[in-house]
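S.K.: Just passing along the structure, written as structure tokens.
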Amino acid sequence: MEVASKKSTFKWDSKIPTGPLTEKWKTHKNNIKLVNPSNKRKYNIIVVGTGLAGASAAASLGELGYNVKAFCIQDSARRAHSIAAQGGINAAKNYANDGDSVWRLFYDTIKGGDYRSREANVYRLAEVSNSIIDQCVAQGVPFARDYGGMLVNRSFGGAQLSRTFYARGQTGQQLLLGAYSSLMKTIKSGKVKMFTREEMLDLVTVDGVSKGIISRNLVTGKINRHAADAVLLCTGGYGNVFYLSTNAKNSNVTAAWRCYRKGALFGNPSFTQIHPTCIPVSGEYQSKLTLMSESLRNDGRVWVPKAKNDKRHPNDIPEDERDYYLERIYPSFGNLVPRDVASRNAKNVCDEGRGVGPSGLAVYLDFRDAIKRDSEQAIRERYGNLFEMYEKITDENPYKVPMRIYPAVHYTMGGLWVDYNLMTTVPGLFALGEANFSDHGANRLGASALMQGLADGYFVIPYTVGDYLSGITPGDVNTDHEAFDQAEKAIVGEIEKLLNIKGEKTILDFHRQLGKIMWDKVGMSRDEKGLNEAIAEISALRKEFWENVFVPGEPATYNKYLEYAMRVADFIELGELMARDALARPESCGGHFREESKTPEGEAKRDDENYAYVSAWEFKGVDTPPVHHEEPLVFENVKLTQRSYK
Amino acid sequence: MSTHDLITVHLKVWRQNGPNDRGHFEDYTLKDITTHMSFLEMLDVLNENLMKEKKTPVEFDHDCREGICGSCNLVINGIPHGPQMRTAACQLHMRHFKDNETITIEPWRAKAFPIIKDLVVDRNAFDRIMEAGGYVTMATGNAPDANAVPISKVEADSAMDYAVCIGCGACVASCPNSSASLFTGAKIAQLAKLPQGAPERKKRVIAMVEQMEKEGFGDCSNYGECEAVCPVGISISAIATMRTEYVKALF
Ligand SMILES: Cc1cc2nc3c(=O)[nH]c(=O)nc-3n(C[C@H](O)[C@H](O)[C@H](O)COP(=O)(O)OP(=O)(O)OC[C@H]3O[C@@H](n4cnc5c(N)ncnc54)[C@H](O)[C@@H]3O)c2cc1C
Ligand code: SF4
Ligand code: FES
């Protein structure tokens, strides 16, 4: 099978500033071109998405004086998927006095990502992390504190110190409500105009430059045009390509995918994070999976019975018949190994037949010893809402019986390729937050997505967008331009086509089928044979979709299933690209595990000599394989070692 | 470990084909619903069945399906979010219903939350209340070190108790007066507990209360229904705090 149309030398500039790593961002900020305050109001900026990345960007750009239009799918900006993040946000404050520093946060993050991200980006992320915490506290985010009134931290996987700030088990909610409050304030000042229940369906480009978007009003079905000097895509991740994931039901790839089709390269699409601690699947009808925050691994111990098919109640299994396998295999990190390692090990013990629960696809996360050590009250204070959530779903009390957990799709490291300024390969189109591919390499460490989303929105884009805007004439294209006519016509045509198929299978049937192919063949472990099969199967599924899907209702009304149909159509195309990307990378790295590339002990084996690059894919048409580009990664400050958490 | 039971349910679902339609209840029967299913998964099954018969599915709002985004807004058997205390409709499971039970499903009903279609309502009024003053005025990049101002654990915890509001609107739906006081009070109380909220304290409470009235929400007469249905347990003390803050702000 032809994976890609051809390979080519990388012709895009990643714009990484010169100079020593620790000075790059400072120097860049000093050299960047500025838009003077009275000119800012002449520029229109579109921000698509109001999660952490979008809300923080829209608020900050509005404060600077730009005219901002912000869009989201939900009925309120506050409901973006970021709201669901539980565990926490990293920063290099070193309030815990345990030796943390910007350098260490940088190092852990780049190592955690298995050396598949850019040094300069990751360093900048670590550098601005502290300002994020300051910003959020000033907004009134009630982070956890000690009795003296100071902020406290917890530890997260992949780090040997405590640098994670949290607000009970609702950190994402509190950070998003902070950003949302700033957004609301800026809306009141008139600098941001908010469009809720308005979905971006296409990017409008003129001579290859981003000039606006086409959107659909989800209440009336009306197709709208919006022109702008820059478009910021903050539309989140695409984990729902697997059907079952921890993402909210509306999370999707459509906006990013359509930008890809308009010329933006897609970076590392196959890099997916499978989170080790989710509530296991309980039946066919299941519509989503629920995460149990990684922070639970601070106190919970992961185990399975030593014997296969041990059907005893967990509390009846004596200590010496339990295998605390993470503590056994990785004595120095124990239960706090990074996510990819924890997930793969859970799969391994289940594959050996030692999985627990009705399906055999689960392992225990046990709080018995922590409760004995610190009291039930202490555990309740730390994780009360998570335990409650677990009990609501499973009808079991985790204070008394160990939780059952299993890995689930959680986060996508891949996304639109961006340069150091967060600009895609389409001039004027930027991507922030989970929608870009930038900072997490092949595996994201816990508590670093919230950090990245807010870093991008509060502290990076306000500088870098100015650099671009200062070089263009504001308002040179308006919505009468023929590019808008064409884009609108195409969307109207697509909607009509979908509604007229009137086939026999529901959209959900297709989504489930896609999800199964993805999970089985492009999931936790991948091999050449499976990936080739996946490409063929997905491509067949795409054809069937366009002949046999049933999309109900009318175009010009509220119609959730029509929205859903368009999203599933894009997921199907994306799924194929993910399989191609996984096939084009025969090494194992981070969350990408290739059966063909492992050490004698079965651990992932990276191949830095041949694959220390970012894969960036260029669209060539739905029926033509995309072009594979490689952005080489240069490491001048860290030494590449095989990750070891033993 | 609990077992999967299969039950039959009879649904009475509110169908309304747009804001100007009068709307009516429609009856559906679903068989073989496993009790491990969530309430929204049961509605997914209903919609799948309808679409297999080429009929128009029931519109309902949902997103996170884990009780945090505040999207879901179903009145189940007359109770906003249904029978289980401190549980959003999306976290409710079918094990709380009996075999052959009749279940009525309606949207929030309040003047300030007009119905868009079926079970979907317009809650933008909540955003406008926040816009009126639910924030601390500070520009990005301006903040002092996060530990510069100590905040006692007790105050921080109490602020957090109010901050967890998910903005769902169940409090309004449950209130005989359709008052938005619990929602508005929660934000006012959160910021009143924190030093960062202090400078705009007076301005905030007046602006938010005025906006609440402008949107057509009713007054609070201390029925307490809101607290009972709130999926995250926001205490009615938020309303008392809002009142004291309001009175203080007038003088
Ligand atoms: C259950 C869970 C727990 C997590 N916990 C943590 C944690 O503890 N720490 C951590 O660091 N990370 C965590 N993460 C990851 C983190 O929450 C996300 O990566 C991050 O919040 C993404 O933010 P975002 O702003 O990029 O996108 P999102 O928050 O997903 O926002 C996307 C926005 O785009 C809008 N949108 C999408 N498409 C369109 C369109 N076509 N038109 C208009 N609008 C559109 C949506 O309406 C929404 O407003 C967690 C993730 C999950 C799933
Ligand atoms: S106070 Fe409770 S019921 Fe009211 S909006 Fe907030 S979470 Fe919902
Ligand atoms: S769907 Fe998010 S709270 Fe119910």
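Here's how to read the names in the structure tokens: chain A, B, ... by the order shown, residue numbers from 1 in each chain, ligand numbers from 1 in the order shown.
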Write out as a tab-separated table the residues of chain B that have any atom within 8 Å of an atom of ligand 2, one row each with the nearest atom pair and its distance in Å to one decimal, counting only C-alpha atoms and all ligand atoms, sorted by chain and then rising number.
M.R.:
residue	atom	partner	partner_atom_place_in_ligand_line	distance
B:Gly70	CA	ligand 2	8 (Fe)	7.0
B:Val164	CA	ligand 2	7 (S)	7.1
B:Cys165	CA	ligand 2	7 (S)	3.9
B:Ile166	CA	ligand 2	7 (S)	4.3
B:Gly167	CA	ligand 2	5 (S)	3.7
B:Cys168	CA	ligand 2	8 (Fe)	4.0
B:Gly169	CA	ligand 2	5 (S)	4.0
B:Ala170	CA	ligand 2	3 (S)	4.1
B:Cys171	CA	ligand 2	3 (S)	4.0
B:Val172	CA	ligand 2	4 (Fe)	6.7
B:Ala180	CA	ligand 2	4 (Fe)	7.3
B:Leu182	CA	ligand 2	1 (S)	4.8
B:Phe183	CA	ligand 2	1 (S)	4.1
B:Thr184	CA	ligand 2	1 (S)	7.7
B:Ala186	CA	ligand 2	1 (S)	6.4
B:Cys226	CA	ligand 2	3 (S)	6.2
B:Glu227	CA	ligand 2	2 (Fe)	7.0
B:Val229	CA	ligand 2	3 (S)	6.3
B:Cys230	CA	ligand 2	3 (S)	3.7
B:Pro231	CA	ligand 2	7 (S)	5.8
B:Val232	CA	ligand 2	7 (S)	5.5
B:Gly233	CA	ligand 2	2 (Fe)	6.4
B:Ile234	CA	ligand 2	2 (Fe)	5.4
S.K.: Taking only C-alpha atoms into account and nothing else, which residues of chain A lie no more than 6 Å away from chain B? Please answer as a PyMOL selection string.
M.R.: chain A and resi 60+79+134-135+137-140+142+145-147+149-150+181+184-185+188+248-250+552-553
S.K.: Compile the contact shell of region 353-360 of chain A as a count of residues only: residues with an atom at most 12 Å away, counting only C-alpha atoms, same-chain residues fewer than 2 positions apart removed.
M.R.: 43
S.K.: Rank B:Thr244, B:Asn222, B:Thr35, B:Thr104 by their smallest atom-to-atom distance to Lys202 (chain B), using only C-alpha atoms, and report the top residue only.
M.R.: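 Comparing B:Thr244, B:Asn222, B:Thr35, B:Thr104 against Lys202 (chain B), the winner is B:Thr244.
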S.K.: What is the CA of Tyr238 (chain A) to atom 31 (O, counted along the ligand's line) of ligand 1 distance in Å?
M.R.: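 Between CA of Tyr238 (chain A) and atom 31 (O, counted along the ligand's line) of ligand 1 the gap is 10.7 Å.
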S.K.: To check your reading of the model: which residues sit at most 7 Å from ligand 1 when counting only C-alpha atoms and all ligand atoms? Write the answer as an MDAnalysis selection string.
M.R.: chainID A and resid 48:54 71:74 77 79:89 171:172 198:201 234:237 246:248 251:255 290:291 293 410:411 432:435 446:451 453
S.K.: Considering only C-alpha atoms and all ligand atoms, state which residue in the set B:Ala89, B:Leu250, B:Ala110, B:Met94 is at the smallest distance from ligand 3.
M.R.: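 Nearest to ligand 3: B:Ala89.
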S.K.: Could you pull out the residues in region 5-241 of chain B that DSSP calls strand (DSSP E) from the backbone, as a ChimeraX atom specification?
M.R.: /B:6-15,24-34,74-76,79-80,101-107,115-117,120-121
S.K.: What's around Thr27 (chain A) at 12 Å? Count only C-alpha atoms, leave out sequence neighbours fewer than 4 positions away in its own chain, and write the answer as a PyMOL selection string.
M.R.: chain A and resi 16-23+31-32+124
S.K.: Suppose we keep C-alpha atoms; can you now write the selection as a compact mmCIF listing (two decimals), in the first residue's frame?
M.R.:
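Output file selection_0.txt is given in full below:
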# COMPACT_ATOMS: atom_id res chain seq x y z
CA ILE A 16 12.66 29.06 16.05
CA PRO A 17 14.67 32.05 17.27
CA THR A 18 18.42 31.78 17.39
CA GLY A 19 20.47 32.11 20.56
CA PRO A 20 20.65 30.11 23.75
CA LEU A 21 17.55 28.16 24.73
CA THR A 22 16.93 30.18 27.87
CA GLU A 23 17.01 33.47 25.94
CA ASN A 31 12.48 41.50 18.07
CA ILE A 32 8.87 40.88 17.21
CA ARG A 124 8.87 28.61 26.48
S.K.: Identify, on the basis of only C-alpha atoms, every residue whose closest approach to Cys220 (chain B) does not exceed 7 Å; exclude the query and any residue fewer than 6 positions from it along the same chain; express the result as number ranges by chain.
M.R.: B: 177, 179, 181
S.K.: Only C-alpha atoms, please: the residues just picked out, written as a tab-separated table (two decimals), in the first residue's frame.
M.R.:
chain	number	residue	atom	x	y	z
B	177	ASN	CA	-40.80	32.15	40.83
B	179	SER	CA	-35.58	33.00	40.28
B	181	SER	CA	-30.75	33.79	42.75
